[in-house]
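Peer 1: File model03.cif follows (mmCIF, C-alpha atoms (C1' of nucleotides)):
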```
data_start
#
loop_
_atom_site.label_atom_id
_atom_site.label_comp_id
_atom_site.auth_asym_id
_atom_site.auth_seq_id
_atom_site.Cartn_x
_atom_site.Cartn_y
_atom_site.Cartn_z
CA MET A 4 -2.97 -5.13 -36.97
CA ALA A 5 -1.74 -8.50 -35.75
CA GLY A 6 0.17 -11.66 -36.61
CA ALA A 7 3.48 -11.00 -34.91
CA ARG A 8 4.33 -9.08 -31.72
CA GLN A 9 3.79 -5.40 -32.34
CA PHE A 10 5.77 -4.24 -29.31
CA ASP A 11 9.18 -4.44 -27.69
CA GLU A 12 8.63 -6.62 -24.64
CA SER A 13 11.48 -5.07 -22.68
CA GLN A 14 10.13 -1.56 -23.24
CA VAL A 15 6.68 -2.66 -22.11
CA LEU A 16 8.12 -4.38 -19.04
CA ASP A 17 10.06 -1.26 -18.18
CA ALA A 18 6.88 0.82 -18.34
CA MET A 19 5.00 -1.70 -16.19
CA MET A 20 7.82 -1.74 -13.64
CA ARG A 21 7.69 2.04 -13.25
CA VAL A 22 3.95 1.98 -12.61
CA PHE A 23 4.11 -0.85 -10.08
CA TRP A 24 7.13 0.79 -8.47
CA GLU A 25 5.35 4.11 -8.12
CA LYS A 26 1.90 2.98 -7.05
CA GLY A 27 2.39 -0.50 -5.61
CA PHE A 28 0.58 -3.69 -6.57
CA GLU A 29 -2.85 -2.96 -5.16
CA ALA A 30 -3.16 0.64 -6.28
CA THR A 31 -2.12 -0.20 -9.83
CA SER A 32 -5.02 -1.03 -12.13
CA ILE A 33 -4.84 -2.82 -15.43
CA ASP A 34 -6.00 0.41 -17.05
CA ASP A 35 -2.96 2.13 -15.55
CA LEU A 36 -0.79 -0.43 -17.28
CA VAL A 37 -2.74 -0.04 -20.52
CA ARG A 38 -2.11 3.70 -20.46
CA ALA A 39 1.55 3.36 -19.50
CA THR A 40 2.42 0.68 -22.05
CA GLY A 41 0.19 1.75 -24.92
CA LEU A 42 -0.94 -1.87 -25.28
CA GLN A 43 -4.54 -3.05 -25.07
CA ARG A 44 -5.87 -5.10 -22.18
CA GLY A 45 -6.04 -8.28 -24.23
CA SER A 46 -2.46 -7.94 -25.43
CA LEU A 47 -1.21 -7.52 -21.88
CA TYR A 48 -3.08 -10.58 -20.66
CA ASN A 49 -2.00 -12.57 -23.71
CA ALA A 50 1.64 -11.67 -23.24
CA PHE A 51 2.01 -11.94 -19.48
CA GLY A 52 -0.92 -13.79 -17.89
CA ASP A 53 -2.73 -12.11 -15.03
CA LYS A 54 -1.96 -9.10 -12.88
CA ALA A 55 0.16 -11.05 -10.39
CA ALA A 56 2.26 -12.44 -13.22
CA MET A 57 2.76 -8.94 -14.60
CA PHE A 58 3.88 -7.82 -11.17
CA CYS A 59 6.29 -10.75 -10.94
CA ARG A 60 7.89 -9.91 -14.26
CA ALA A 61 8.15 -6.26 -13.27
CA LEU A 62 9.66 -7.24 -9.95
CA ARG A 63 12.22 -9.43 -11.66
CA LEU A 64 13.20 -6.52 -13.88
CA TYR A 65 13.53 -4.36 -10.78
CA GLN A 66 15.80 -6.92 -9.24
CA ASP A 67 18.00 -7.06 -12.31
CA GLU A 68 18.15 -3.34 -12.97
CA VAL A 69 18.05 -1.78 -9.51
CA HIS A 70 18.43 -4.23 -6.68
CA ALA A 71 21.36 -6.07 -8.25
CA SER A 72 23.42 -2.88 -8.17
CA HIS A 73 22.69 -2.49 -4.46
CA LEU A 74 23.90 -6.01 -3.80
CA HIS A 75 26.97 -5.38 -5.94
CA ALA A 76 27.76 -2.27 -3.91
CA LEU A 77 28.30 -4.55 -0.90
CA ARG A 78 31.22 -6.40 -2.49
CA GLY A 79 34.65 -6.49 -0.86
CA ASP A 80 35.55 -6.68 2.81
CA ASP A 81 35.68 -3.01 3.75
CA PRO A 82 32.39 -2.21 5.50
CA ARG A 83 32.96 1.52 5.36
CA GLU A 84 33.46 1.48 1.62
CA ALA A 85 30.64 -0.98 1.04
CA LEU A 86 28.08 0.99 3.04
CA THR A 87 29.23 4.23 1.45
CA ARG A 88 28.71 2.74 -1.98
CA LEU A 89 25.22 1.53 -1.00
CA PHE A 90 24.21 4.92 0.37
CA GLN A 91 25.63 6.65 -2.70
CA LEU A 92 23.44 4.50 -4.92
CA GLN A 93 20.38 5.37 -2.90
CA LEU A 94 21.30 9.04 -2.99
CA LYS A 95 21.66 8.90 -6.75
CA SER A 96 18.19 7.34 -7.02
CA ALA A 97 16.70 9.93 -4.69
CA ARG A 98 18.20 12.75 -6.77
CA ASP A 99 17.03 11.27 -10.06
CA ALA A 100 13.64 12.83 -10.71
CA ARG A 101 12.85 10.24 -13.38
CA GLN A 102 12.95 7.39 -10.88
CA PRO A 103 10.03 6.70 -8.55
CA ARG A 104 10.71 7.16 -4.85
CA GLY A 105 10.77 4.24 -2.50
CA CYS A 106 11.85 0.65 -2.90
CA MET A 107 9.67 -1.63 -4.97
CA LEU A 108 10.95 -4.65 -3.06
CA SER A 109 10.20 -3.55 0.47
CA ASP A 110 6.80 -2.30 -0.66
CA ALA A 111 6.16 -5.68 -2.24
CA ARG A 112 7.35 -7.45 0.88
CA ARG A 113 4.76 -5.76 3.03
CA ILE A 114 1.81 -6.83 0.90
CA CYS A 115 3.12 -10.16 -0.35
CA HIS A 116 0.67 -12.16 1.79
CA ARG A 117 -2.03 -10.91 -0.58
CA LEU A 118 -0.12 -12.18 -3.63
CA PRO A 119 -0.44 -15.69 -5.11
CA THR A 120 1.86 -18.21 -3.44
CA THR A 121 4.58 -18.29 -6.07
CA ALA A 122 4.74 -14.51 -6.35
CA ALA A 123 4.82 -14.22 -2.56
CA THR A 124 7.73 -16.61 -2.01
CA GLU A 125 9.67 -15.01 -4.84
CA THR A 126 9.10 -11.58 -3.32
CA ARG A 127 10.11 -12.70 0.15
CA ALA A 128 13.30 -14.28 -1.12
CA ALA A 129 14.26 -11.19 -3.09
CA ALA A 130 13.55 -8.88 -0.16
CA ASP A 131 15.77 -10.93 2.13
CA GLU A 132 18.71 -10.73 -0.25
CA LEU A 133 19.92 -7.38 1.04
CA GLU A 134 20.27 -8.61 4.60
CA GLY A 135 22.06 -11.66 3.25
CA ALA A 136 24.49 -9.54 1.25
CA LEU A 137 25.12 -7.30 4.25
CA PHE A 138 25.75 -10.34 6.43
CA ALA A 139 28.21 -11.82 3.96
CA MET A 140 30.01 -8.50 3.66
CA PHE A 141 30.32 -8.09 7.44
CA GLU A 142 31.63 -11.63 7.75
CA ARG A 143 34.28 -10.97 5.13
CA ALA A 144 35.17 -7.79 7.00
CA ARG A 145 35.54 -9.68 10.26
CA ALA A 146 37.69 -12.33 8.61
CA ALA A 147 39.87 -9.56 7.19
CA GLY A 148 40.27 -8.02 10.62
CA ARG A 149 38.33 -4.88 9.70
CA LEU A 150 35.68 -5.71 12.27
CA ALA A 151 36.09 -6.86 15.87
CA ALA A 152 36.18 -10.63 16.21
CA THR A 153 33.28 -10.34 18.64
CA ALA A 154 31.11 -8.37 16.20
CA ASP A 155 27.64 -9.82 15.64
CA CYS A 156 27.47 -9.85 11.86
CA ARG A 157 23.87 -11.05 11.71
CA ALA A 158 22.69 -8.28 14.01
CA LEU A 159 24.68 -5.68 12.08
CA ALA A 160 23.19 -6.93 8.82
CA ARG A 161 19.68 -6.75 10.24
CA PHE A 162 20.31 -3.25 11.53
CA TYR A 163 21.61 -1.83 8.27
CA ALA A 164 18.90 -3.63 6.32
CA ALA A 165 16.39 -1.83 8.53
CA VAL A 166 18.12 1.46 7.79
CA ALA A 167 17.98 0.73 4.07
CA ARG A 168 14.25 0.00 4.31
CA GLY A 169 13.70 3.09 6.43
CA VAL A 170 15.24 5.53 3.97
CA ALA A 171 12.76 4.61 1.23
CA GLY A 172 11.10 7.73 -0.03
CA THR A 173 13.45 10.08 1.83
CA GLU A 174 14.47 13.34 0.20
CA PRO A 175 18.11 13.73 -0.89
CA GLY A 176 18.94 16.20 1.88
CA PRO A 177 17.91 14.06 4.86
CA LEU A 178 19.29 11.01 3.07
CA GLU A 179 22.75 12.61 3.05
CA ASP A 180 22.52 13.02 6.82
CA ILE A 181 21.42 9.44 7.28
CA ALA A 182 24.22 8.12 5.09
CA ARG A 183 26.84 10.14 6.96
CA ILE A 184 25.61 8.95 10.35
CA GLY A 185 25.30 5.37 9.13
CA VAL A 186 28.94 5.25 8.12
CA ALA A 187 30.18 7.29 11.08
CA LEU A 188 28.47 5.07 13.64
CA LEU A 189 29.97 1.94 12.15
CA GLU A 190 33.45 3.46 12.21
CA ALA A 191 33.07 4.40 15.85
CA ALA A 192 32.19 0.83 16.76
CA MET B 279 -34.06 0.19 15.72
CA ALA B 280 -33.09 3.82 15.75
CA GLY B 281 -33.50 7.19 17.39
CA ALA B 282 -30.30 7.49 19.38
CA ARG B 283 -26.79 6.14 18.75
CA GLN B 284 -26.87 2.37 19.04
CA PHE B 285 -23.11 1.94 19.36
CA ASP B 286 -20.13 3.01 21.41
CA GLU B 287 -18.21 5.36 19.15
CA SER B 288 -14.85 4.64 20.76
CA GLN B 289 -15.29 0.89 20.30
CA VAL B 290 -16.21 1.41 16.66
CA LEU B 291 -13.23 3.71 16.14
CA ASP B 292 -10.94 1.14 17.70
CA ALA B 293 -12.20 -1.53 15.31
CA MET B 294 -11.76 0.80 12.33
CA MET B 295 -8.25 1.70 13.43
CA ARG B 296 -7.23 -1.96 13.56
CA VAL B 297 -8.50 -2.58 10.04
CA PHE B 298 -6.81 0.49 8.55
CA TRP B 299 -3.66 -0.32 10.51
CA GLU B 300 -3.58 -3.88 9.19
CA LYS B 301 -4.53 -3.33 5.57
CA GLY B 302 -3.76 0.30 4.87
CA PHE B 303 -6.07 2.94 3.44
CA GLU B 304 -6.38 1.73 -0.12
CA ALA B 305 -6.78 -1.96 0.58
CA THR B 306 -9.48 -1.35 3.19
CA SER B 307 -13.01 -1.37 1.78
CA ILE B 308 -16.09 0.04 3.42
CA ASP B 309 -17.40 -3.52 3.62
CA ASP B 310 -14.31 -4.43 5.65
CA LEU B 311 -15.25 -1.69 8.10
CA VAL B 312 -18.88 -2.83 8.11
CA ARG B 313 -17.78 -6.34 9.05
CA ALA B 314 -15.26 -5.18 11.65
CA THR B 315 -17.55 -2.69 13.38
CA GLY B 316 -20.87 -4.49 13.06
CA LEU B 317 -22.42 -1.24 11.85
CA GLN B 318 -24.21 -0.79 8.55
CA ARG B 319 -22.80 1.28 5.70
CA GLY B 320 -25.25 4.10 6.23
CA SER B 321 -24.47 4.34 9.93
CA LEU B 322 -20.77 4.58 9.24
CA TYR B 323 -21.24 7.34 6.68
CA ASN B 324 -23.71 9.12 8.93
CA ALA B 325 -21.36 9.03 11.89
CA PHE B 326 -18.02 9.81 10.28
CA GLY B 327 -18.47 11.20 6.75
CA ASP B 328 -16.56 9.54 3.94
CA LYS B 329 -13.74 7.01 3.85
CA ALA B 330 -10.99 9.61 4.17
CA ALA B 331 -12.67 11.06 7.25
CA MET B 332 -12.92 7.58 8.78
CA PHE B 333 -9.22 7.12 8.13
CA CYS B 334 -8.45 10.46 9.73
CA ARG B 335 -10.36 9.59 12.88
CA ALA B 336 -8.66 6.20 13.03
CA LEU B 337 -5.28 7.83 12.51
CA ARG B 338 -5.94 10.29 15.31
CA LEU B 339 -6.80 7.40 17.62
CA TYR B 340 -3.57 5.69 16.57
CA GLN B 341 -1.64 8.83 17.44
CA ASP B 342 -3.24 9.04 20.85
CA GLU B 343 -2.99 5.36 21.75
CA VAL B 344 0.21 4.22 20.07
CA HIS B 345 2.35 7.00 18.69
CA ALA B 346 2.06 9.18 21.77
CA SER B 347 3.74 6.48 23.86
CA HIS B 348 6.62 6.38 21.39
CA LEU B 349 7.09 10.12 21.69
CA HIS B 350 6.88 9.87 25.47
CA ALA B 351 9.61 7.22 25.45
CA LEU B 352 11.98 9.88 24.13
CA ARG B 353 11.69 12.08 27.22
CA GLY B 354 14.71 13.01 29.31
CA ASP B 355 18.25 13.78 28.19
CA ASP B 356 19.84 10.33 28.24
CA PRO B 357 19.89 9.12 24.63
CA ARG B 358 20.78 5.58 25.61
CA GLU B 359 17.80 5.29 27.92
CA ALA B 360 15.46 7.08 25.54
CA LEU B 361 16.34 4.88 22.57
CA THR B 362 16.15 1.77 24.73
CA ARG B 363 12.67 2.74 25.85
CA LEU B 364 11.61 3.36 22.25
CA PHE B 365 12.96 0.01 21.06
CA GLN B 366 11.34 -1.76 24.03
CA LEU B 367 7.97 -0.34 23.06
CA GLN B 368 8.40 -1.56 19.50
CA LEU B 369 9.47 -4.97 20.77
CA LYS B 370 6.40 -5.18 22.96
CA SER B 371 4.19 -4.38 19.97
CA ALA B 372 5.98 -6.92 17.81
CA ARG B 373 5.48 -9.61 20.46
CA ASP B 374 1.81 -8.78 20.96
CA ALA B 375 -0.07 -11.03 18.56
CA ARG B 376 -3.24 -8.97 18.95
CA GLN B 377 -1.61 -5.89 17.46
CA PRO B 378 -1.16 -5.53 13.72
CA ARG B 379 2.41 -5.41 12.46
CA GLY B 380 3.88 -2.31 11.00
CA CYS B 381 3.34 1.36 11.71
CA MET B 382 0.08 2.93 10.63
CA LEU B 383 1.73 6.33 10.41
CA SER B 384 4.60 5.50 8.10
CA ASP B 385 2.24 3.49 5.93
CA ALA B 386 -0.09 6.47 5.80
CA ARG B 387 2.81 8.79 5.03
CA ARG B 388 3.72 6.87 1.92
CA ILE B 389 0.27 7.10 0.37
CA CYS B 390 -0.81 10.46 1.72
CA HIS B 391 -0.55 12.16 -1.67
CA ARG B 392 -3.63 10.15 -2.64
CA LEU B 393 -5.57 11.42 0.38
CA PRO B 394 -7.66 14.61 0.47
CA THR B 395 -5.61 17.71 1.29
CA THR B 396 -6.57 18.03 4.94
CA ALA B 397 -5.99 14.35 5.66
CA ALA B 398 -2.67 14.50 3.83
CA THR B 399 -1.26 17.46 5.75
CA GLU B 400 -2.43 15.96 9.04
CA THR B 401 -0.74 12.68 8.17
CA ARG B 402 2.50 14.37 7.14
CA ALA B 403 2.64 16.39 10.33
CA ALA B 404 2.04 13.34 12.50
CA ALA B 405 4.64 11.28 10.68
CA ASP B 406 7.26 13.98 11.17
CA GLU B 407 6.70 14.10 14.91
CA LEU B 408 9.04 11.22 15.67
CA GLU B 409 12.02 12.89 14.01
CA GLY B 410 11.12 16.05 15.89
CA ALA B 411 11.00 14.25 19.22
CA LEU B 412 14.31 12.52 18.48
CA PHE B 413 15.89 15.85 17.58
CA ALA B 414 14.68 17.50 20.77
CA MET B 415 15.94 14.58 22.83
CA PHE B 416 19.39 14.65 21.22
CA GLU B 417 19.61 18.40 21.78
CA ARG B 418 18.79 17.97 25.44
CA ALA B 419 21.42 15.26 25.62
CA ARG B 420 24.03 17.53 24.04
CA ALA B 421 23.15 20.35 26.42
CA ALA B 422 23.52 17.92 29.31
CA GLY B 423 26.95 16.87 28.09
CA ARG B 424 25.82 13.34 27.25
CA LEU B 425 26.58 13.92 23.59
CA ALA B 426 29.63 15.52 21.99
CA ALA B 427 29.22 19.25 21.46
CA THR B 428 29.94 18.68 17.78
CA ALA B 429 27.21 16.07 17.40
CA ASP B 430 24.78 16.73 14.55
CA CYS B 431 21.46 16.31 16.33
CA ARG B 432 19.36 16.77 13.20
CA ALA B 433 21.30 14.07 11.34
CA LEU B 434 21.12 11.72 14.31
CA ALA B 435 17.38 12.28 14.57
CA ARG B 436 16.93 11.58 10.86
CA PHE B 437 19.01 8.44 11.14
CA TYR B 438 17.13 6.94 14.06
CA ALA B 439 13.80 7.96 12.55
CA ALA B 440 14.82 5.96 9.48
CA VAL B 441 15.67 3.00 11.71
CA ALA B 442 12.28 3.28 13.39
CA ARG B 443 10.55 3.29 10.00
CA GLY B 444 12.69 0.40 8.81
CA VAL B 445 11.80 -1.95 11.64
CA ALA B 446 8.09 -1.84 10.83
CA GLY B 447 6.81 -5.36 10.41
CA THR B 448 10.00 -6.97 11.71
CA GLU B 449 9.73 -10.14 13.78
CA PRO B 450 10.65 -9.93 17.50
CA GLY B 451 13.90 -11.88 17.05
CA PRO B 452 15.50 -9.66 14.42
CA LEU B 453 14.06 -6.61 16.18
CA GLU B 454 16.02 -7.49 19.30
CA ASP B 455 19.21 -7.52 17.24
CA ILE B 456 18.38 -4.20 15.68
CA ALA B 457 17.61 -2.61 19.03
CA ARG B 458 20.86 -3.86 20.53
CA ILE B 459 22.93 -2.55 17.63
CA GLY B 460 21.04 0.74 17.59
CA VAL B 461 21.90 1.45 21.19
CA ALA B 462 25.44 0.04 20.98
CA LEU B 463 26.36 2.16 17.96
CA LEU B 464 25.21 5.34 19.65
CA GLU B 465 27.24 4.54 22.74
CA ALA B 466 30.34 3.95 20.68
CA ALA B 467 30.00 7.35 19.05
"C1'" DA C 298 -50.05 13.38 22.54
"C1'" DC C 299 -47.58 14.83 18.68
"C1'" DG C 300 -44.30 16.77 15.63
"C1'" DA C 301 -39.37 17.35 15.01
"C1'" DT C 302 -35.11 15.24 14.89
"C1'" DC C 303 -31.95 11.90 14.63
"C1'" DC C 304 -30.47 7.06 13.67
"C1'" DT C 305 -30.72 2.59 11.26
"C1'" DT C 306 -31.53 -0.25 7.49
"C1'" DG C 307 -31.05 -2.25 2.99
"C1'" DA C 308 -31.64 -1.37 -1.54
"C1'" DC C 309 -29.63 1.13 -4.98
"C1'" DC C 310 -26.30 4.16 -7.92
"C1'" DG C 311 -22.60 4.80 -11.47
"C1'" DA C 312 -17.82 3.80 -11.78
"C1'" DT C 313 -14.21 0.83 -11.77
"C1'" DC C 314 -12.08 -3.49 -10.70
"C1'" DG C 315 -9.59 -7.92 -12.80
"C1'" DG C 316 -10.41 -10.95 -16.37
"C1'" DT C 317 -12.44 -13.18 -20.83
"C1'" DC C 318 -13.60 -13.87 -25.59
"C1'" DA C 319 -15.11 -13.91 -30.43
"C1'" DA C 320 -14.01 -11.57 -34.44
"C1'" DA C 321 -10.62 -9.96 -37.42
"C1'" DG C 322 -5.97 -9.60 -39.27
"C1'" DC C 323 -1.11 -10.31 -40.28
"C1'" DA C 324 2.88 -13.54 -41.06
"C1'" DC C 325 4.77 -17.66 -41.92
"C1'" DC C 326 5.03 -22.69 -43.80
"C1'" DT C 327 3.99 -25.82 -47.27
"C1'" DA D 178 -2.58 -19.98 -52.94
"C1'" DG D 179 -4.31 -21.49 -48.79
"C1'" DG D 180 -4.24 -23.05 -44.26
"C1'" DT D 181 -2.39 -22.49 -39.58
"C1'" DG D 182 -1.06 -20.13 -35.63
"C1'" DC D 183 -0.27 -16.28 -33.55
"C1'" DT D 184 -1.59 -11.23 -32.05
"C1'" DT D 185 -4.64 -7.37 -31.71
"C1'" DT D 186 -8.86 -5.23 -30.75
"C1'" DG D 187 -12.86 -3.67 -28.26
"C1'" DA D 188 -16.84 -5.17 -26.41
"C1'" DC D 189 -18.30 -7.60 -22.61
"C1'" DC D 190 -18.63 -10.21 -17.91
"C1'" DG D 191 -19.71 -10.47 -12.90
"C1'" DA D 192 -17.88 -8.58 -8.77
"C1'" DT D 193 -16.76 -4.97 -6.03
"C1'" DC D 194 -15.66 -0.21 -5.26
"C1'" DG D 195 -17.13 4.37 -2.58
"C1'" DG D 196 -21.18 6.72 -1.79
"C1'" DT D 197 -26.39 7.98 -1.55
"C1'" DC D 198 -31.12 7.84 -0.22
"C1'" DA D 199 -35.98 6.97 0.95
"C1'" DA D 200 -38.44 4.49 4.26
"C1'" DG D 201 -39.21 3.49 8.87
"C1'" DG D 202 -38.61 3.48 13.78
"C1'" DA D 203 -36.94 5.36 18.28
"C1'" DT D 204 -36.22 9.36 21.24
"C1'" DC D 205 -36.96 13.89 22.84
"C1'" DG D 206 -39.07 18.60 23.73
"C1'" DT D 207 -43.19 20.64 24.30
#
```
Could you rewrite the structure in this file as structure tokens?

Peer 2:
Amino acid sequence: MAGARQFDESQVLDAMMRVFWEKGFEATSIDDLVRATGLQRGSLYNAFGDKAAMFCRALRLYQDEVHASHLHALRGDDPREALTRLFQLQLKSARDARQPRGCMLSDARRICHRLPTTAATETRAAADELEGALFAMFERARAAGRLAATADCRALARFYAAVARGVAGTEPGPLEDIARIGVALLEAA
Amino acid sequence: MAGARQFDESQVLDAMMRVFWEKGFEATSIDDLVRATGLQRGSLYNAFGDKAAMFCRALRLYQDEVHASHLHALRGDDPREALTRLFQLQLKSARDARQPRGCMLSDARRICHRLPTTAATETRAAADELEGALFAMFERARAAGRLAATADCRALARFYAAVARGVAGTEPGPLEDIARIGVALLEAA
DNA sequence: ACGATCCTTGACCGATCGGTCAAAGCACCT
DNA sequence: AGGTGCTTTGACCGATCGGTCAAGGATCGT
């Protein structure tokens, strides 16, 4: 019954991530995690620490598996292509019934003042990454002449980051509309 | 000590609304409401019913006091003016330290599947009102020739509703940027 | 004056919360 | 073979959760 680890840590982390992603930090109970992972309470605490630490590990997995692809979509210096890629990723997530709706990061950001200090700063930093990536992309675009020299890259980044936050939980149909408008408006400017 | 109501119901409702607005439905405990209102548990339950009913009443007050002004901002057929008014309202809220950050409605929308049926449908309906008001405004604008005849009013409404959701909790500085871009992009199109 | 009715109060309920711990067991090192 | 060090297990902890209720007091109609 014991001696060495009886479980695959990455599988367990994946299960924990899905629960936190779906229900958020506060609404997720340890019993939820027990059910989802198949592990016992003691094993969870022994392996990860307390609830905040479990959330942190789950959040880090989310960053690596989900958020990283969003940041990667913003590569290059063509804002139209970059935004299209980002919206396409979000559309794919929205259409995938296996994936929880919403964004684990922006949910975490909103409640991070109730998290322990280290978890809070980590969450804040991660949540600000998208705006940073958007800003960098717009700056590359301006340098490449694909954006007016007078364009306010910071403001554009903040705007599209707000759009990205705002589409969390949206159904695929409306999300298609939003993506189309998001790209069209940028082209018009 | 008793006999007739010892409290001003509207004052109590206002206090409850602020708590629910700040912390959300799940993270708000009855004891939080007891502290915020000054009433005892029994009085709260006697006056309003259960926690979901308290939330409903608070949400209705939010609609009347806060959300209604947002819908009113979208009057007329000039999309530039309407959006500017909406963003100005949000900026004013963000600058007002007495008001909680974020939007009680979009927060409620996200967790409404955990509410009782009646509260859930009420919440959903209220949360969809902004997109409806945006749609109506864009249609008036198109009829008045202020928007291209080919403009997709539904898509535009969905897009700006997403922006409005996405700015929840944003600091005044970034919000100014977002408002400026939001209006500028529409003008360019 | 006197019930009837409503409100307030504070104790109380079972359930669940996050977290702990001793007992027991397996695996590895020497 | 026999410790040693880890994991697993399930019972257990105090705190808090949403919700209830009997007791008691104030107000009103009659």

Peer 1: Considering all atoms listed in the file, extract the chain A residues located within 10 Å of chain B and return them as a ChimeraX atom specification.

Peer 2: /A:26-27,29-30,104-105,109-110,112-114,155,157-173,176-185,187-192

Peer 1: What do you get, as an MDAnalysis selection string, if you spell out every residue that the PyMOL selection byres ((chain C) within 6 of (chain B)) selects here?

Peer 2: chainID C and resid 303:305

Peer 1: Take the PyMOL selection byres ((chain D) within 9 of (chain B)), apply it to the structure above, and return the hits as a PyMOL selection string.

Peer 2: chain D and resi 194-197+202-204

Peer 1: Would you kindly return, as a list in words, each protein, DNA or RNA residue with an atom no farther than 9 Å from any atom of Gln93 in chain A, considering only C-alpha atoms (C1' of nucleotides) and excluding same-chain residues fewer than 2 positions away?

Peer 2: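 Final neighbour list, sorted by chain and number: His73, Arg88, Leu89, Phe90, Gln91, Lys95, Ser96, Ala97, Arg98, Ala167, Val170, Ala171, Pro175 and Leu178 of chain A.
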
Peer 1: CA of Cys390 in chain B and CA of Phe333 in chain B are how many Å apart?

Peer 2: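 Separating CA of Cys390 in chain B from CA of Phe333 in chain B is a distance of 11.1 Å.
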
Peer 1: Quick one: residues within 9 Å of Val22 in chain A, all atoms listed in the file counted, chain neighbours fewer than 3 positions away excluded, as a list in words?

Peer 2: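 My list of contacting residues is Asp17, Ala18, Met19, Glu25, Lys26, Gly27, Phe28, Thr31, Asp35, Leu36, Ala39 and Pro103 of chain A.
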
Peer 1: Nearest to Gln14 in chain A: which of A:Ala136, A:Leu64, A:Pro119, A:Ala71 is it, counting all atoms listed in the file?

Peer 2: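 Using all atoms listed in the file, Gln14 in chain A sits closest to A:Leu64.
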
Peer 1: On this structure, which residues satisfy the PyMOL selection byres ((chain D and resi 180) around 10), written as a list of chain:residue names?

Peer 2: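 Taken over the shown coordinates, the PyMOL selection byres ((chain D and resi 180) around 10) returns C:DC326, C:DT327, D:DA178, D:DG179, D:DT181, D:DG182.
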
Peer 1: Skipping near chain neighbours, those fewer than 6 positions away, what residues fall within 12 Å of DA319 in chain C using all atoms listed in the file, listed as a PDB file with C-alpha atoms (C1' of nucleotides), in the frame of the given file?

Peer 2:
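Output contents, as saved in selection.pdb:
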```pdb
ATOM      1  C1'  DT D 186      -8.860  -5.230 -30.750  1.00  0.00           C
ATOM      2  C1'  DG D 187     -12.860  -3.670 -28.260  1.00  0.00           C
ATOM      3  C1'  DA D 188     -16.840  -5.170 -26.410  1.00  0.00           C
ATOM      4  C1'  DC D 189     -18.300  -7.600 -22.610  1.00  0.00           C
TER       5       DC D 189
END
```

Peer 1: Grab the CA of Ala122 in chain A to CA of Cys59 in chain A distance for me, in Å with one decimal place.

Peer 2: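 Going from CA of Ala122 in chain A over to CA of Cys59 in chain A covers 6.1 Å.
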
Peer 1: For a quick check of understanding, using all atoms listed in the file, which of B:Val344, B:Ala360, B:Val312, B:Leu383 has the smallest distance to Arg418 in chain B?

Peer 2: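 Among B:Val344, B:Ala360, B:Val312, B:Leu383, it is B:Ala360 that comes nearest to Arg418 in chain B.
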
Peer 1: Quote the spacing between C1' of DA321 in chain C and C1' of DT184 in chain D in Å to one decimal place.

Peer 2: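 We find that C1' of DA321 in chain C and C1' of DT184 in chain D lie 10.6 Å from each other.
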
Peer 1: Of the residues A:Val186, A:Gly52, A:Leu150, A:Val15, which is the one nearest to DG316 in chain C, using all atoms listed in the file?

Peer 2: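 Smallest separation from DG316 in chain C among the options: A:Gly52.
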
Peer 1: Would you place a box with edges along x, y and z of the file around all atoms of range 314-324 of chain C listed there, add 8 Å to each of its six sides, and report the centre and edge lengths in Å to one decimal, as lines of an AutoDock Vina configuration file?

Peer 2:
```
center_x = -6.1
center_y = -8.7
center_z = -25.9
size_x = 34.0
size_y = 26.4
size_z = 46.4
```
